[in-house]
Every structure is written in C-alpha cells, then in structure tokens.
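Only one structure is covered here, and it is reproduced in the block below.
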Amino acid sequence: MRKCVLALCVFMAAVPCAYADITPDEIDQAAAAVQPQVVAWRRWFHQNPELSNREFNTSARIAEILREMGLEPETGIAHTGVIAMIEGGLPGPLVAIRTDIDGLPVEEQTGLPFASTVRTEYNGQDVGVMHACGHDAHMAMVLGAAKILNDMKAELPGSVMLIFQPAEEGPPTGEDGGASMMLDEGIFEERMPAAVFGMHVGISTPGGQFSVKPGPMMAASDGFKIIVKGKQTHGARPWDGVDPVVVSSQIVLGLQTIVSRQVDVTLAPSIISVGRISGGIRYNVIPDQVTLEGTIRSFDPDMRDYIHGAIERTARLIAESAGAQIEFEINQGPPALKNNAELTSLVLPALERASGHPVLSIQPQTVAEDFSEYANVTPAVFVFLGNWPEELDPATQPTNHSPFFQMYEPYMQRGVSAYGHMVVDFLNSKIPVKD
C-alpha cells in the first residue's frame, strides 16, 4: 500500500529561496487570452472521444499541442498516457497538474453542433461514445494552464509536471490502467512532486464556483461478484432442486444489514449496491446458478476491509443455509480520495481569485476518482468546478455520466486561472515538501 508522507521540517533546504515575480492579474489576463484556444481544444476532444485505454487519437492530439508549445511530451505511459515537464527558470520544488482523458460508452443527446457521433464496441455491444463526465474540459483547461505557465516559466521558482491520464473511468475487464498504472510505470520515480493538483467539473457545485474540503472527499470504489450455485429443477417442483434465485434474493437483502447494522455509521458512510442480477433462461425452470454484481463505496480503510469480508461471509452463510454454494470475487478499485489539509488551506485564496466567489465546502461524495492514487503517495488536493450557467440550480440539471451532460465553456477560463494561481501560490509558499 502506498503511503502519503509529508515531511514536516524540510523545505528544499539546499535550494536558495526564490519567488515567482508573477502577479495574479498577469495570470488572469493570460487565462483570458488563451480562452479561445481552450474552447477550440475542448470542442475537438468532445467531438472525438475514446474509451478507457483506447485514447490513441486523444493522446496524439495532446502530444501535438504540447510540442507546439515547445514542450517535449513523453507518450505511451499506461498505454496512452502523456506527461510533459515545464522547467522553471528559478530553483524550487516540482508541482504536478493532472487531467483524465477518457470518454464513456454513452450516446450523446445534447444536440451540440460539435456533439460526438463516435461509435465503438464495448463489452460486445455497439455503443456511442461521449465525454459525458467533463474530461474534455479537464484536458482543455490543463492545456490552457500549460500554455500560460510555460510562457511564464522563466519566472517560476520550480517546475511543473503535466499528467494526462487514461482510464480514469476504469480499464476494460482484464486490463490494467489508470492512475495506479501511471505510478507503477514510474512517472514519479525520478522526481516526486511536492504537490499534485486536480480538478473536476460538475458534482453539484453551483456554476462557476469552486468547492473543496480537507480530508476524505470522495469514496473508495470496489466491485464485487457473487455466483450463487444451486441445483436446476422444474419450477413446479422446487423441492427437487436448490433455488439460487431465492437464495440470491436473500443475499441482496442480507448485504444491506452490513452497512446498516454491522459498521459504525458515526465513523464514516458506506454503501453496498447490487447493480446486476443474471440467471435463468425460462420462466418455469429454476436455474442452476445466478450471478450478482455490485459496488462498494467507503471512506475508512479498516471499514473497507471489514465490508469485503462481511459480504463474502453473509453470502456464503445464507447460501449454505439453503444448500447452495457461492463463488466470491472482489475487484478492488481506487482508495478514498483524501485532500491534504495544508494544501487545501493554501488553495482557497487561489480559487477565490479565479472565480470571484468564496470557496464552498462540500460533503464527502460517494462517487470515486482514481486521483486518490496520487494523493496516496504525495500531498494532493482535488477541487470541483461548477459547470452549468450560474443562474441554473445544478440539482435540476443532468448529472455527470448523463447523455445530456454539458460544460458551460466560459467557466473553463476560471479553471485555467485556478491552476495558474494554485501552482504559483504553492511555489511561492513555505509549505514543507518531501526531501
């Protein structure tokens, strides 16, 4: 398990103190100047989405844009990932900015003139592909930040790593991918960033405003599969067999007692949801097996481990009581996303400058993000940017992963400004970093 360690007494002691001679107004003006290009980049990405671990054209376009800036991207990391370095002109630490790059198997219904018409195969089915979670905007904003920071690099007291990460939505079955694979392939081995910043649009935040919280902000996400094995028989003679349909129904209900009766609900929230039940081929034949698949969301690591064991135990004992057996499988996903408290405090003024609004606090979200993998190895902070027009209530608008999900493009300028302010503020700060 990777551990996040924050050194408490060393701040680049061997490096002379330097400060960026870059004003907030200069950052905002640069973000405004690059905004038309950010919009154009976002529209290209939106019109040309690709699924996880298949982002070949996306990756090539990112690398092309970075080269046009004079940077030297490294490609092919974790299949289709890209990284690039902006070397500051003054001595100082390394800070990273990360974006996700993959789309979703969703058929777009926004009616936009640059809507996606891409189709591909997913799990053996013909599907539409869409940037239904804002990754198109994420990429464009990081590229915009790269442009303004690279233009100011002579005055930066430190350097910036740009991370374009594939498969945030999860790699295809049987494949590795995402943030964990980027780390396994060594993007931090030669130079560990002192901080990593990330941003996501949507997630119920009012339009054009930022929200964040220190500590656990997004849940760990794990999948599970239970195969209930009974004995097939005629539906009119259930006593001649072992009915896995009834057993599966009892297991679904039994699993809910784990989060409601077995874990300390005052410590942290947790969720167990069964999303798929499959079994049987005919109405009057009791099948020999039924498959259940579901998701687990949690915030506390010990609770997460307990729930894994409790699901297997509950399903097994219920099945055995009826003469059935089970096969059980856990697909462990990213850990809970925990924002570093000191970094969170640092970025609040930067986000306020970028948006013109106070930063909102947010309750922990039971959706997941594998940005948590970076936060598990070095101090990190992840923020939300509201994506709908300010006058609209986000609670009434299509959510992330909807075929109607959209990005209100003027707010991308605020995202670019926020990245610029966060990077410069951090490089000018005295926050302790890894030695």
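Chain labels run A, B, ... following the order of the structure tokens; each chain numbers its residues from 1, and ligands are numbered from 1 in the order shown.
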
Write out as a PyMOL selection string each polymer residue whose atoms come within 8 Å of range 403-420 of chain A, counting only C-alpha atoms; drop sequence neighbours fewer than 4 positions from it.
chain A and resi 27-28+31-32+35+38-39+97+106-110+130+132-134+137+141-142+144-145+148-149+197+199+201+207-208+350-351+353-355+385+387-389+398-399+424

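Between Leu253 in chain A and the candidates A:Ile187, A:Val290, A:Ile311, A:Leu392, the tightest atom-to-atom separation, counting only C-alpha atoms, involves A:Ile311.
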
Using only C-alpha atoms, which protein or nucleic acid residues come within 10 Å of Asn150 in chain A? Drop anything in the same chain fewer than 3 positions from it, and give the result as a PyMOL selection string.
chain A and resi 69-71+85-88+144-147+153-156+159-160

Run DSSP on the backbone and give me the residues of range 223-398 of chain A it puts in alpha helix (DSSP H), as an NGL selection string.
:A and (244-257 or 301-321 or 341-355 or 372-375)

Smallest atom-to-atom distance to Val245 in chain A: which of A:Val129, A:Ile277, A:Val359, A:Ala395, using only C-alpha atoms?
A:Ile277

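Considering only C-alpha atoms, the residue among A:Ala380, A:Leu90, A:Met139, A:Ala236 positioned nearest to Met422 in chain A is A:Ala380.
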
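Take CA of Pro335 in chain A and CA of Ile296 in chain A: the distance between them is 11.3 Å.
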
Which of these, A:Gln209, A:Gln332, A:Gln29, A:Gln47, has the shortest distance to Pro394 in chain A once you count only C-alpha atoms?
A:Gln209

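The gap separating CA of Ile330 in chain A from CA of Asp302 in chain A is 15.8 Å, in Å to one decimal.
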
With a cut-off of 12 Å, could you pull out the residues of range 100-199 of chain A touching range 368-377 of chain A and give me the nearest pair of atoms for each, distance in Å to one decimal, using only C-alpha atoms, ordered by chain and ascending number, as a tab-separated table?
residue	atom	partner	partner_atom	distance
A:Asp100	CA	A:Phe371	CA	8.9
A:Cys133	CA	A:Glu369	CA	11.7
A:Ile163	CA	A:Tyr374	CA	10.8
A:Phe164	CA	A:Phe371	CA	11.5
A:Gln165	CA	A:Phe371	CA	9.5
A:Pro166	CA	A:Asp370	CA	10.6
A:Ala167	CA	A:Asp370	CA	9.2
A:Glu168	CA	A:Asp370	CA	6.2
A:Glu169	CA	A:Glu369	CA	8.1
A:Gly170	CA	A:Asp370	CA	8.8
A:Pro171	CA	A:Asp370	CA	11.5
A:Gly177	CA	A:Asp370	CA	10.5
A:Gly178	CA	A:Asp370	CA	7.3
A:Ala179	CA	A:Asp370	CA	6.0
A:Ser180	CA	A:Glu373	CA	6.1
A:Met181	CA	A:Glu373	CA	9.7
A:Met182	CA	A:Tyr374	CA	9.6
A:Leu183	CA	A:Tyr374	CA	7.9
A:Asp184	CA	A:Glu373	CA	10.6
A:Ile187	CA	A:Tyr374	CA	10.7
A:Phe188	CA	A:Val377	CA	9.4
A:Glu189	CA	A:Val377	CA	11.3
A:Met192	CA	A:Val377	CA	9.0
A:Pro193	CA	A:Val377	CA	9.5
A:Ala194	CA	A:Val377	CA	10.1
A:Ala195	CA	A:Ala375	CA	8.7
A:Val196	CA	A:Tyr374	CA	7.2
A:Phe197	CA	A:Phe371	CA	9.2
A:Gly198	CA	A:Phe371	CA	7.4
A:Met199	CA	A:Phe371	CA	9.5
